[in-house]
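> Data: protein_36.txt, compact mmCIF, C-alpha atoms and all ligand atoms.
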```txt
# COMPACT_ATOMS: atom_id res chain seq x y z
CA MET A 29 47.31 -20.95 -29.41
CA SER A 30 47.04 -22.67 -32.79
CA ARG A 31 46.01 -20.59 -35.77
CA SER A 32 45.77 -21.16 -39.49
CA VAL A 33 47.06 -18.32 -41.68
CA SER A 34 46.89 -17.43 -45.38
CA ILE A 35 49.17 -14.75 -46.78
CA LEU A 36 48.05 -12.80 -49.85
CA GLY A 37 51.24 -11.20 -51.18
CA ALA A 38 53.59 -13.63 -49.40
CA THR A 39 56.61 -12.73 -51.55
CA GLY A 40 56.55 -9.00 -50.74
CA SER A 41 58.13 -7.07 -47.91
CA VAL A 42 55.18 -7.51 -45.50
CA GLY A 43 54.56 -11.09 -46.65
CA ARG A 44 58.17 -12.16 -46.09
CA GLN A 45 58.30 -10.51 -42.67
CA THR A 46 55.05 -12.27 -41.72
CA LEU A 47 56.65 -15.61 -42.63
CA ASP A 48 59.70 -14.61 -40.60
CA VAL A 49 57.52 -14.13 -37.49
CA ILE A 50 55.63 -17.37 -38.21
CA ALA A 51 58.89 -19.32 -38.60
CA GLN A 52 59.72 -18.38 -35.02
CA HIS A 53 56.39 -19.78 -33.81
CA ALA A 54 56.17 -23.01 -35.81
CA SER A 55 53.93 -24.70 -33.23
CA LYS A 56 51.45 -21.78 -33.11
CA PHE A 57 50.69 -21.23 -36.80
CA GLN A 58 49.95 -23.41 -39.84
CA ILE A 59 50.02 -21.92 -43.31
CA VAL A 60 46.98 -22.60 -45.48
CA ALA A 61 47.71 -20.52 -48.60
CA LEU A 62 50.49 -18.37 -50.02
CA THR A 63 50.11 -16.11 -53.06
CA ALA A 64 52.42 -14.03 -55.25
CA GLY A 65 52.17 -11.73 -58.25
CA SER A 66 54.99 -13.03 -60.47
CA ASN A 67 57.97 -13.92 -58.23
CA VAL A 68 57.74 -17.63 -58.87
CA ASP A 69 61.16 -18.54 -57.47
CA MET A 70 60.46 -17.03 -54.09
CA LEU A 71 56.99 -18.58 -53.96
CA ILE A 72 58.49 -22.03 -54.68
CA GLN A 73 61.03 -21.52 -51.89
CA GLN A 74 58.32 -20.43 -49.43
CA ALA A 75 56.04 -23.34 -50.39
CA ARG A 76 58.85 -25.83 -49.79
CA ALA A 77 59.69 -24.29 -46.42
CA PHE A 78 56.14 -23.76 -45.05
CA LYS A 79 54.19 -26.55 -46.83
CA PRO A 80 50.86 -24.73 -47.31
CA LYS A 81 47.77 -26.49 -48.70
CA PHE A 82 47.52 -24.10 -51.63
CA VAL A 83 49.79 -21.74 -53.56
CA ALA A 84 48.64 -19.29 -56.23
CA ILE A 85 50.54 -17.05 -58.61
CA ALA A 86 48.69 -14.20 -60.33
CA ASP A 87 50.95 -14.24 -63.40
CA GLU A 88 49.56 -17.08 -65.55
CA ALA A 89 52.82 -17.34 -67.51
CA ALA A 90 54.63 -18.32 -64.29
CA TYR A 91 52.13 -21.08 -63.41
CA PRO A 92 53.71 -23.98 -65.39
CA ARG A 93 57.05 -23.42 -63.67
CA LEU A 94 55.37 -23.30 -60.22
CA LYS A 95 53.48 -26.52 -60.95
CA GLU A 96 56.55 -28.33 -62.21
CA ALA A 97 58.75 -27.21 -59.30
CA LEU A 98 56.22 -28.46 -56.72
CA ALA A 99 55.28 -31.67 -58.57
CA ASP A 100 57.07 -33.75 -55.92
CA MET A 101 54.85 -32.23 -53.18
CA PRO A 102 51.36 -33.51 -54.12
CA ALA A 103 49.81 -32.26 -50.86
CA ILE A 104 50.23 -28.69 -52.13
CA ALA A 105 47.58 -27.61 -54.65
CA VAL A 106 48.90 -25.12 -57.21
CA ALA A 107 47.01 -22.60 -59.34
CA GLY A 108 47.68 -19.59 -61.55
CA GLY A 109 45.92 -16.37 -62.61
CA ALA A 110 44.10 -13.57 -60.79
CA LYS A 111 41.19 -15.94 -60.04
CA ALA A 112 43.58 -18.32 -58.25
CA VAL A 113 44.58 -15.51 -55.87
CA VAL A 114 40.88 -14.91 -55.14
CA GLU A 115 40.48 -18.68 -54.59
CA ALA A 116 43.29 -18.54 -52.01
CA ALA A 117 41.47 -15.70 -50.21
CA CYS A 118 38.31 -17.81 -50.01
CA LEU A 119 39.94 -20.72 -48.14
CA ASP A 120 38.98 -21.18 -44.53
CA THR A 121 41.61 -19.74 -42.14
CA ASP A 122 41.72 -18.04 -38.76
CA ILE A 123 43.78 -15.13 -40.14
CA THR A 124 44.25 -13.81 -43.66
CA VAL A 125 47.15 -11.42 -44.09
CA ALA A 126 46.27 -8.87 -46.79
CA ALA A 127 49.70 -7.85 -48.11
CA ILE A 128 49.23 -7.43 -51.86
CA VAL A 129 50.25 -3.99 -53.12
CA GLY A 130 47.67 -1.76 -54.78
CA VAL A 131 44.09 -2.12 -55.96
CA ALA A 132 45.10 -5.55 -57.36
CA GLY A 133 44.35 -6.82 -53.83
CA LEU A 134 40.78 -5.50 -53.69
CA VAL A 135 38.77 -8.52 -54.86
CA PRO A 136 40.83 -10.99 -52.77
CA VAL A 137 40.60 -8.86 -49.62
CA MET A 138 36.82 -8.43 -50.01
CA GLU A 139 36.49 -12.23 -50.33
CA ALA A 140 38.61 -12.71 -47.19
CA ILE A 141 36.38 -10.21 -45.33
CA LYS A 142 33.25 -12.13 -46.36
CA ARG A 143 34.46 -15.18 -44.41
CA GLY A 144 33.97 -13.26 -41.18
CA LYS A 145 37.27 -14.26 -39.50
CA THR A 146 40.34 -12.07 -38.90
CA VAL A 147 42.02 -10.04 -41.63
CA ALA A 148 45.45 -8.64 -40.74
CA PHE A 149 45.40 -5.69 -43.05
CA ALA A 150 48.37 -4.03 -44.80
CA ASN A 151 46.97 -3.41 -48.31
CA LYS A 152 45.89 0.21 -47.63
CA GLU A 153 45.13 1.10 -51.27
CA THR A 154 42.12 -1.24 -51.18
CA LEU A 155 40.56 0.52 -48.18
CA VAL A 156 41.28 3.93 -49.71
CA ALA A 157 39.43 2.83 -52.86
CA ALA A 158 36.61 0.86 -51.24
CA GLY A 159 36.10 2.94 -48.08
CA ASN A 160 32.63 2.48 -46.64
CA ILE A 161 31.93 -0.44 -49.01
CA MET A 162 34.74 -2.38 -47.32
CA MET A 163 33.86 -1.22 -43.79
CA ASP A 164 30.17 -2.11 -44.35
CA ALA A 165 31.28 -5.63 -45.35
CA VAL A 166 33.47 -5.85 -42.21
CA ALA A 167 30.42 -4.97 -40.09
CA LYS A 168 28.02 -7.19 -42.04
CA TYR A 169 30.18 -10.32 -41.81
CA GLY A 170 31.50 -9.66 -38.28
CA THR A 171 35.11 -9.64 -39.47
CA THR A 172 37.94 -8.53 -37.21
CA LEU A 173 40.12 -6.10 -39.19
CA LEU A 174 43.50 -5.69 -37.48
CA PRO A 175 45.75 -3.00 -39.01
CA ILE A 176 49.32 -4.02 -39.84
CA ASP A 177 50.34 -0.55 -41.03
CA SER A 178 52.56 0.57 -38.13
CA GLU A 179 50.77 3.90 -37.53
CA HIS A 180 47.30 2.33 -37.59
CA ASN A 181 48.48 -0.56 -35.48
CA ALA A 182 49.73 2.04 -32.99
CA ILE A 183 46.38 3.89 -33.03
CA PHE A 184 44.51 0.60 -32.68
CA GLN A 185 46.56 -0.11 -29.54
CA VAL A 186 46.14 3.35 -27.96
CA LEU A 187 42.37 3.40 -28.60
CA HIS A 188 41.73 -0.16 -27.44
CA GLY A 189 39.70 -0.28 -24.22
CA HIS A 190 39.20 3.50 -23.98
CA ASP A 191 36.06 5.58 -23.95
CA LEU A 192 36.19 7.09 -27.43
CA LYS A 193 33.64 9.78 -26.59
CA GLY A 194 36.59 11.49 -24.88
CA LEU A 195 38.91 11.20 -27.89
CA ARG A 196 40.04 14.61 -29.18
CA ARG A 197 42.15 13.49 -32.12
CA ILE A 198 44.70 10.99 -33.33
CA VAL A 199 48.17 11.84 -34.61
CA LEU A 200 49.92 9.76 -37.28
CA THR A 201 53.68 10.15 -37.45
CA ALA A 202 55.69 10.29 -40.69
CA SER A 203 59.45 9.95 -40.99
CA GLY A 204 59.39 12.59 -43.74
CA GLY A 205 61.07 10.18 -46.16
CA PRO A 206 64.44 10.55 -47.89
CA PHE A 207 63.64 14.04 -49.26
CA ARG A 208 62.46 15.59 -45.98
CA GLU A 209 65.00 18.40 -46.25
CA TRP A 210 65.26 18.67 -50.04
CA SER A 211 64.10 21.74 -51.99
CA THR A 212 61.48 21.29 -54.72
CA GLU A 213 64.15 22.10 -57.33
CA ARG A 214 66.33 19.28 -56.03
CA MET A 215 63.38 16.86 -55.78
CA LYS A 216 62.56 17.48 -59.46
CA LYS A 217 65.81 15.68 -60.33
CA ALA A 218 65.41 12.84 -57.80
CA THR A 219 66.00 9.35 -59.21
CA PRO A 220 64.05 6.17 -58.40
CA GLU A 221 67.11 4.84 -56.52
CA GLN A 222 67.15 7.93 -54.28
CA ALA A 223 63.37 7.78 -53.75
CA VAL A 224 63.32 4.14 -52.62
CA ALA A 225 66.23 4.60 -50.18
CA HIS A 226 64.03 5.13 -47.11
CA PRO A 227 65.88 6.48 -44.06
CA THR A 228 64.20 4.33 -41.40
CA TRP A 229 61.97 1.59 -42.92
CA SER A 230 62.75 -1.23 -45.34
CA MET A 231 59.71 -1.67 -47.62
CA GLY A 232 58.52 -2.54 -51.13
CA GLN A 233 59.25 -0.16 -54.03
CA LYS A 234 55.80 1.42 -54.38
CA ILE A 235 55.32 2.29 -50.71
CA SER A 236 58.90 3.58 -50.57
CA VAL A 237 58.18 6.07 -53.37
CA ASP A 238 54.89 6.91 -51.62
CA SER A 239 56.88 7.66 -48.46
CA ALA A 240 59.17 9.99 -50.40
CA THR A 241 56.20 11.99 -51.82
CA LEU A 242 54.34 11.72 -48.46
CA MET A 243 51.53 10.19 -50.53
CA ASN A 244 51.84 7.22 -48.18
CA LYS A 245 50.87 9.44 -45.25
CA ALA A 246 48.01 10.94 -47.27
CA LEU A 247 46.69 7.43 -48.04
CA GLU A 248 47.11 6.61 -44.35
CA VAL A 249 44.94 9.59 -43.35
CA ILE A 250 42.14 8.11 -45.52
CA GLU A 251 42.87 4.63 -44.14
CA ALA A 252 42.56 5.99 -40.55
CA HIS A 253 39.34 7.85 -41.44
CA HIS A 254 37.70 4.54 -42.40
CA LEU A 255 39.32 2.22 -39.86
CA PHE A 256 38.57 4.39 -36.83
CA ALA A 257 35.45 6.21 -38.15
CA LEU A 258 37.02 9.64 -37.56
CA PRO A 259 36.51 12.86 -39.55
CA SER A 260 39.44 14.48 -41.35
CA ALA A 261 39.63 17.21 -38.65
CA LYS A 262 40.43 14.63 -35.97
CA ILE A 263 43.35 13.08 -37.87
CA ASP A 264 46.65 14.98 -37.69
CA VAL A 265 50.06 14.23 -39.16
CA VAL A 266 53.43 15.16 -37.67
CA ILE A 267 56.91 14.66 -39.03
CA HIS A 268 58.99 12.51 -36.69
CA PRO A 269 62.27 11.54 -38.41
CA GLN A 270 63.31 8.92 -35.83
CA SER A 271 60.22 6.68 -36.46
CA VAL A 272 60.07 5.68 -32.80
CA VAL A 273 56.57 6.98 -31.96
CA HIS A 274 54.18 5.48 -34.52
CA GLY A 275 50.88 6.98 -33.44
CA MET A 276 49.25 8.97 -30.64
CA ALA A 277 45.76 9.60 -29.29
CA GLU A 278 44.85 12.79 -27.44
CA TYR A 279 41.99 12.49 -24.95
CA ALA A 280 39.73 15.22 -23.52
CA ASP A 281 41.47 15.11 -20.12
CA GLY A 282 44.73 16.20 -21.76
CA SER A 283 46.32 12.72 -21.79
CA PHE A 284 48.34 11.74 -24.83
CA LEU A 285 48.76 7.98 -25.28
CA ALA A 286 51.55 7.07 -27.69
CA GLN A 287 52.73 3.73 -29.03
CA MET A 288 56.48 3.38 -29.55
CA GLY A 289 58.54 0.59 -31.02
CA PRO A 290 61.40 -0.21 -33.35
CA ALA A 291 61.07 0.76 -37.02
CA ASP A 292 60.50 -2.90 -37.81
CA MET A 293 57.26 -4.14 -39.38
CA ARG A 294 57.61 -7.42 -37.53
CA THR A 295 56.29 -5.67 -34.39
CA PRO A 296 52.87 -4.69 -35.82
CA ILE A 297 52.72 -7.98 -37.75
CA THR A 298 53.31 -9.88 -34.49
CA VAL A 299 50.67 -7.81 -32.70
CA CYS A 300 48.14 -8.85 -35.38
CA LEU A 301 49.12 -12.53 -35.48
CA GLY A 302 49.02 -12.90 -31.70
CA TRP A 303 46.14 -10.55 -30.84
CA PRO A 304 44.86 -10.34 -28.15
CA GLU A 305 47.81 -12.33 -26.78
CA ARG A 306 51.24 -10.67 -26.75
CA ILE A 307 53.72 -13.08 -28.35
CA ASP A 308 57.47 -12.80 -29.08
CA THR A 309 58.51 -10.92 -32.20
CA SER A 310 61.31 -12.16 -34.41
CA GLY A 311 62.15 -8.52 -35.10
CA ALA A 312 64.37 -5.88 -33.54
CA ARG A 313 63.90 -4.68 -29.96
CA MET A 314 64.04 -1.01 -29.06
CA ASP A 315 66.73 0.24 -26.72
CA VAL A 316 65.05 2.94 -24.59
CA MET A 317 68.44 4.23 -23.44
CA ALA A 318 69.33 4.94 -27.08
CA LEU A 319 66.37 7.33 -27.47
CA SER A 320 68.33 10.47 -26.76
CA LYS A 321 66.29 12.75 -29.01
CA LEU A 322 62.79 12.59 -30.46
CA GLU A 323 61.85 15.39 -32.87
CA PHE A 324 58.37 16.41 -34.05
CA SER A 325 57.47 19.11 -36.59
CA ALA A 326 54.60 20.14 -38.86
CA PRO A 327 54.66 18.75 -42.41
CA ASP A 328 55.42 21.13 -45.30
CA THR A 329 52.37 20.88 -47.58
CA VAL A 330 53.93 23.13 -50.22
CA ARG A 331 56.89 20.84 -50.94
CA PHE A 332 54.70 17.78 -50.23
CA PRO A 333 51.25 18.60 -51.72
CA ALA A 334 49.85 15.10 -51.04
CA LEU A 335 49.00 16.19 -47.51
CA ARG A 336 47.09 19.20 -48.84
CA LEU A 337 45.25 17.21 -51.51
CA VAL A 338 44.12 14.51 -49.09
CA ARG A 339 42.03 17.05 -47.19
CA GLN A 340 40.31 17.98 -50.48
CA VAL A 341 39.70 14.27 -51.15
CA LEU A 342 38.15 13.73 -47.71
CA ALA A 343 35.99 16.84 -48.10
CA ASP A 344 34.41 15.36 -51.25
CA ALA A 345 31.37 13.19 -50.61
CA GLY A 346 31.52 9.73 -52.20
CA LEU A 347 34.41 7.46 -53.09
CA ALA A 348 35.30 8.77 -56.57
CA SER A 349 37.91 11.31 -55.42
CA ALA A 350 39.69 8.77 -53.22
CA ILE A 351 39.75 6.22 -56.07
CA LEU A 352 41.14 8.90 -58.41
CA PHE A 353 43.76 9.94 -55.86
CA ASN A 354 44.89 6.39 -55.25
CA THR A 355 44.82 4.97 -58.77
CA ALA A 356 46.41 8.04 -60.37
CA ASN A 357 49.19 7.61 -57.82
CA GLU A 358 49.68 3.91 -58.67
CA VAL A 359 50.05 4.75 -62.37
CA ALA A 360 52.30 7.77 -61.73
CA VAL A 361 54.60 5.87 -59.35
CA ALA A 362 54.99 3.04 -61.90
CA ALA A 363 55.88 5.66 -64.57
CA PHE A 364 58.40 7.32 -62.23
CA LEU A 365 60.04 3.96 -61.44
CA LYS A 366 60.36 3.40 -65.23
CA ARG A 367 61.86 6.92 -65.51
CA THR A 368 59.06 8.08 -67.84
CA ILE A 369 58.19 11.00 -65.54
CA GLY A 370 60.09 12.96 -62.90
CA PHE A 371 59.56 12.75 -59.14
CA CYS A 372 57.52 15.99 -58.82
CA ASP A 373 55.42 15.00 -61.85
CA ILE A 374 53.82 12.29 -59.68
CA LEU A 375 51.84 14.79 -57.60
CA ASP A 376 51.36 17.24 -60.49
CA ASN A 377 49.64 14.48 -62.47
CA ILE A 378 47.53 13.37 -59.51
CA GLU A 379 46.36 16.93 -58.81
CA ARG A 380 45.44 17.47 -62.47
CA MET A 381 43.48 14.20 -62.57
CA LEU A 382 41.74 15.05 -59.32
CA ASN A 383 40.66 18.49 -60.52
CA ASP A 384 39.82 17.67 -64.14
CA SER A 385 38.04 14.32 -63.93
CA HIS A 386 34.34 13.59 -63.78
CA LYS A 387 33.54 11.92 -60.44
CA PRO A 388 30.82 9.30 -60.87
CA ALA A 389 28.68 7.91 -58.05
CA ILE A 390 30.33 4.75 -56.69
CA SER A 391 28.20 2.25 -54.80
CA THR A 392 29.47 -1.25 -55.65
CA LEU A 393 32.73 -3.15 -56.00
CA GLU A 394 32.11 -3.30 -59.73
CA ASP A 395 31.80 0.53 -59.86
CA ILE A 396 35.21 0.80 -58.15
CA LEU A 397 36.88 -1.63 -60.55
CA ASN A 398 35.37 0.07 -63.62
CA PHE A 399 36.38 3.55 -62.46
CA ASP A 400 39.87 2.28 -61.52
CA ALA A 401 40.30 0.83 -65.04
CA GLN A 402 39.11 4.09 -66.62
CA ILE A 403 41.56 6.19 -64.56
CA ARG A 404 44.45 3.85 -65.44
CA GLU A 405 43.70 4.28 -69.13
CA THR A 406 43.35 8.08 -69.00
CA MET A 407 46.40 8.54 -66.78
CA SER A 408 48.59 6.23 -68.91
CA GLU A 409 47.51 8.10 -72.04
CA THR A 410 48.26 11.49 -70.43
CA ILE A 411 51.71 10.34 -69.34
CA LYS A 412 52.44 8.81 -72.77
CA ASN A 413 51.43 12.02 -74.57
CA ALA A 414 53.55 14.17 -72.26
CA ALA A 415 56.67 11.98 -72.66
N1 LIG B 501 56.43 -2.82 -46.67
C1 LIG B 501 56.03 -2.25 -45.58
O1 LIG B 501 56.81 -2.08 -44.62
C2 LIG B 501 54.59 -1.80 -45.44
C3 LIG B 501 54.22 -1.09 -44.30
C4 LIG B 501 52.88 -0.70 -44.16
C5 LIG B 501 51.97 -1.00 -45.16
N2 LIG B 501 52.38 -1.66 -46.27
C6 LIG B 501 51.39 -1.94 -47.32
O2 LIG B 501 51.37 -3.34 -47.54
C7 LIG B 501 51.15 -3.63 -48.92
C8 LIG B 501 52.31 -4.47 -49.43
O3 LIG B 501 53.48 -3.68 -49.39
P1 LIG B 501 54.92 -4.31 -49.62
O4 LIG B 501 55.88 -3.25 -49.32
O5 LIG B 501 55.00 -5.63 -48.94
O6 LIG B 501 54.86 -4.52 -51.21
P2 LIG B 501 55.79 -5.43 -52.12
O7 LIG B 501 57.05 -5.75 -51.42
O8 LIG B 501 55.84 -4.79 -53.44
O9 LIG B 501 54.94 -6.79 -52.21
C9 LIG B 501 53.68 -6.83 -52.82
C10 LIG B 501 53.12 -8.23 -52.86
O10 LIG B 501 51.97 -8.22 -53.73
C11 LIG B 501 52.16 -9.15 -54.80
N3 LIG B 501 51.52 -8.64 -56.00
C12 LIG B 501 51.91 -7.60 -56.77
N4 LIG B 501 51.06 -7.41 -57.79
C13 LIG B 501 50.11 -8.38 -57.67
C14 LIG B 501 48.96 -8.74 -58.44
N5 LIG B 501 48.61 -8.07 -59.56
N6 LIG B 501 48.22 -9.78 -58.02
C15 LIG B 501 48.55 -10.49 -56.91
N7 LIG B 501 49.63 -10.20 -56.15
C16 LIG B 501 50.39 -9.16 -56.53
C17 LIG B 501 53.67 -9.23 -54.95
O11 LIG B 501 54.06 -10.38 -55.66
P3 LIG B 501 55.52 -10.45 -56.41
O12 LIG B 501 56.53 -10.48 -55.30
O13 LIG B 501 55.43 -11.71 -57.15
O14 LIG B 501 55.60 -9.22 -57.25
C18 LIG B 501 54.07 -9.26 -53.48
O15 LIG B 501 53.84 -10.53 -52.93
C19 LIG B 501 51.01 -2.27 -49.61
O16 LIG B 501 49.67 -1.94 -49.71
C20 LIG B 501 51.70 -1.30 -48.66
O17 LIG B 501 51.20 0.00 -48.74
C21 LIG B 501 53.65 -2.05 -46.42
```
Render the structure in this file as structure tokens.

Amino acid sequence: MSRSVSILGATGSVGRQTLDVIAQHASKFQIVALTAGSNVDMLIQQARAFKPKFVAIADEAAYPRLKEALADMPAIAVAGGAKAVVEAACLDTDITVAAIVGVAGLVPVMEAIKRGKTVAFANKETLVAAGNIMMDAVAKYGTTLLPIDSEHNAIFQVLHGHDLKGLRRIVLTASGGPFREWSTERMKKATPEQAVAHPTWSMGQKISVDSATLMNKALEVIEAHHLFALPSAKIDVVIHPQSVVHGMAEYADGSFLAQMGPADMRTPITVCLGWPERIDTSGARMDVMALSKLEFSAPDTVRFPALRLVRQVLADAGLASAILFNTANEVAVAAFLKRTIGFCDILDNIERMLNDSHKPAISTLEDILNFDAQIRETMSETIKNAA
């Protein structure tokens, strides 16, 4: 096996773990492009270690430093700005890893899809926002979309090779996050430090807060709806604090197929990089003998309203509600991390936006980007006025 790989969002949690797996298989993978948002020091370090053909940093102010630091490596082309990240996504590769956080990754991921190769997909917010527009492009260009998200990677594995006419439902597991047993009163006073301290997974800041609100699971329900073409009623969520079982499929004959593994993103990343071959992971291995107790329970949609609201979003025709849900969350999480709003205000603000906003018809990428920009402005204004 010899595969070329580009990583969009190389400096983040998923990006770094992808490079960790690749470092273990130096003869199997060559890096074509690496991109970052603003973490120029880490991007320089990665470029020196993996010698890609192209590196791009979205933050234009960081570009001169990147260029200067790599001046002694003329084989590496260097560029800056959002367009440079899109340029990286357009380069020819066998696999593009989509690991940017948020809707910021939408244009690059759509360009990667248009090349018709394999996209190893982590950047769930883009699929939530683009839904059928993204899946239509996947079908049109014959792209292989392999889910990195551990739950979707699990579902992908338990559906693969089966007759899906006999599929009753899929079940996504959720750890329940750091506030699984907290009262609403206590959650109102939760700090960003407490929210990002995830009990089982080590992840970037935004997805860690999303895991604490269970918004991550809500976004994953929408992600699963598009990836596996399933209606809301066939996608269930259970709380499973040990994060050992990542996803299950129930078939008509009563069989439940479950995928288990360590709570280590390097397993699903390795599945995607090697697929359909099974190659060694650089991550943790699971000790079956240590699995003394696996617990499963229903989620509490009163303390965690994201899982109630997502059903409303999926019941609405069109993409506008999903874009609202996702973008309002991005703005609210950023405000929470800056301590402008409290933890429970995140979902309160999202619900208000969802109920009060006009929902335009969305049929193009441009419509999504325009609506996203409009929501950011309204939501930021609302938060500023309330502060
Ligand atoms: N972390 C996990 O375990 C995990 C699991 C499942 C799914 N996911 C999904 O994977 C995605 C990445 O998550 P993460 O935890 O790896 O996030 P993260 O650690 O915050 O990393 C995000 C990456 O995106 C880059 N970035 C940020 N803003 C950008 C912009 N405007 N333009 C271009 N690049 C930008 C960051 O660059 P800088 O470093 O320069 O800021 C970084 O490389 C998210 O959609 C998340 O939901 C993550």
> For A:Pro206, which residue out of A:Ala401, A:Ala218, A:Ala240, A:Leu36 is the nearest one, using only C-alpha atoms?
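Under the stated criterion, the closest residue is A:Ala240.
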> Looking at only C-alpha atoms and all ligand atoms, which of A:Val49, A:Val147, A:Met231, A:Ala126 is the one that sits closest to ligand LIG 501 (chain B)?
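Of A:Val49, A:Val147, A:Met231, A:Ala126, the one nearest ligand LIG 501 (chain B) is A:Met231, counting only C-alpha atoms and all ligand atoms.
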> Could you name the residues that touch A:Thr46 at 9 Å or less, counting all atoms listed in the file, but leaving out those on the same chain fewer than 2 positions away, as a count of residues only?
16
> What lies within 8 Å of A:Lys262 using only C-alpha atoms, ignoring chain neighbours under 5 positions off, as a PDB file with C-alpha atoms, keeping the file's coordinate frame?

```pdb
ATOM      1  CA  ARG A 196      40.040  14.610 -29.180  1.00  0.00           C
ATOM      2  CA  ARG A 197      42.150  13.490 -32.120  1.00  0.00           C
ATOM      3  CA  ILE A 198      44.700  10.990 -33.330  1.00  0.00           C
TER       4      ILE A 198
END
```
> Work out how far atom CA of A:Val224 is from atom CA of A:Met243, in Å to one decimal.
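According to the coordinates, atom CA of A:Met243 and atom CA of A:Val224 are separated by 13.4 Å.
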> In Å, with one decimal, what is the gap from atom CA of A:Thr121 to atom CA of A:Met138?
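Atom CA of A:Met138 lies 14.6 Å from atom CA of A:Thr121.
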> I'd like the interatomic distance between atom CA of A:Asp292 and atom CA of A:Gln270, to a tenth of an Å.
12.3 Å
> Can you check which parts of chain A lie within 7 Å of ligand LIG 501 (chain B)? Per residue, the shortest pair of atoms and distance in Å to one decimal, counting all atoms listed in the file, sorted by chain and number, as a tab-separated table.

```
residue	atom	partner	partner_atom	distance
A:Leu36	CA	B:LIG501	O15	6.9
A:Gly37	CA	B:LIG501	O15	3.2
A:Ala38	CA	B:LIG501	O15	4.7
A:Thr39	CA	B:LIG501	O15	3.8
A:Gly40	CA	B:LIG501	O9	3.1
A:Ser41	CA	B:LIG501	O5	3.6
A:Val42	CA	B:LIG501	O5	3.9
A:Gly43	CA	B:LIG501	O5	5.9
A:Thr63	CA	B:LIG501	N7	6.7
A:Ala64	CA	B:LIG501	O11	4.0
A:Gly65	CA	B:LIG501	O13	3.4
A:Ser66	CA	B:LIG501	O13	3.6
A:Asn67	CA	B:LIG501	O13	3.5
A:Val68	CA	B:LIG501	O13	6.6
A:Ala86	CA	B:LIG501	N6	5.0
A:Ala110	CA	B:LIG501	N6	6.2
A:Val113	CA	B:LIG501	C15	6.5
A:Ala127	CA	B:LIG501	C8	4.5
A:Ile128	CA	B:LIG501	O10	3.4
A:Val129	CA	B:LIG501	C19	4.0
A:Gly130	CA	B:LIG501	O16	5.5
A:Ala132	CA	B:LIG501	N5	4.8
A:Gly133	CA	B:LIG501	C15	6.4
A:Ala150	CA	B:LIG501	O2	4.1
A:Asn151	CA	B:LIG501	O16	3.4
A:Lys152	CA	B:LIG501	O16	4.8
A:Glu153	CA	B:LIG501	O16	5.7
A:Ile176	CA	B:LIG501	C4	6.5
A:Asp177	CA	B:LIG501	C4	4.0
A:Ser178	CA	B:LIG501	C4	6.2
A:Trp229	CA	B:LIG501	O1	6.6
A:Ser230	CA	B:LIG501	O1	6.0
A:Met231	CA	B:LIG501	N1	3.6
A:Gly232	CA	B:LIG501	O4	3.3
A:Gln233	CA	B:LIG501	O8	5.8
A:Lys234	CA	B:LIG501	O8	6.3
A:Ile235	CA	B:LIG501	O17	5.1
A:Met293	CA	B:LIG501	O1	5.6
```
> Would you kindly identify which residues have an atom no farther than 12 Å from (40.0, 8.1, -53.3), using all atoms listed in the file and the file's own coordinates, and write them out as a ChimeraX atom specification?
/A:131,152-160,246-251,253-254,337-358,378,381-382,387-388,390,396,399-400,403
> Ranking A:Ile72, A:Leu397, A:Leu174, A:Ala84 by minimum distance to A:Asp100 and counting only C-alpha atoms, which one comes first?
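Going through A:Ile72, A:Leu397, A:Leu174, A:Ala84 one by one, the smallest distance to A:Asp100 is for A:Ile72.
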> Draw an axis-aligned box over all listed atoms of stretch 330-340 of chain A, pad each side with 4 Å, and write its centre and edge lengths in Å, one decimal, as lines of an AutoDock Vina configuration file.

```
center_x = 48.6
center_y = 18.8
center_z = -49.5
size_x = 24.6
size_y = 16.6
size_z = 12.5
```
> So which residues touch A:Arg214 within 10 Å, counting all atoms listed in the file, skipping near sequence neighbours fewer than 4 positions away, as a compact mmCIF listing (two decimals) with C-alpha atoms, in the frame of the given file?

```txt
# COMPACT_ATOMS: atom_id res chain seq x y z
CA PHE A 207 63.64 14.04 -49.26
CA GLU A 209 65.00 18.40 -46.25
CA TRP A 210 65.26 18.67 -50.04
CA ALA A 218 65.41 12.84 -57.80
CA PHE A 371 59.56 12.75 -59.14
CA CYS A 372 57.52 15.99 -58.82
```
> Show which residues sit within 9 Å of A:Ala202, as a PyMOL selection string. Count all atoms listed in the file, and ignore same-chain residues fewer than 4 positions away.
chain A and resi 179+239+242+244-245+265-269+271+274+327
> Generate the output file for the selected residues, C-alpha atoms, as a CSV table (one decimal), keeping the file's coordinate frame.

```csv
chain,number,residue,atom,x,y,z
A,179,GLU,CA,50.8,3.9,-37.5
A,239,SER,CA,56.9,7.7,-48.5
A,242,LEU,CA,54.3,11.7,-48.5
A,244,ASN,CA,51.8,7.2,-48.2
A,245,LYS,CA,50.9,9.4,-45.2
A,265,VAL,CA,50.1,14.2,-39.2
A,266,VAL,CA,53.4,15.2,-37.7
A,267,ILE,CA,56.9,14.7,-39.0
A,268,HIS,CA,59.0,12.5,-36.7
A,269,PRO,CA,62.3,11.5,-38.4
A,271,SER,CA,60.2,6.7,-36.5
A,274,HIS,CA,54.2,5.5,-34.5
A,327,PRO,CA,54.7,18.8,-42.4
```
> Point out the residue among A:Ala89, A:Met215, A:Met101, A:Leu62 with the least atom-to-atom distance to A:Arg331, counting all atoms listed in the file.
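Between A:Ala89, A:Met215, A:Met101, A:Leu62, the residue approaching A:Arg331 most closely is A:Met215.
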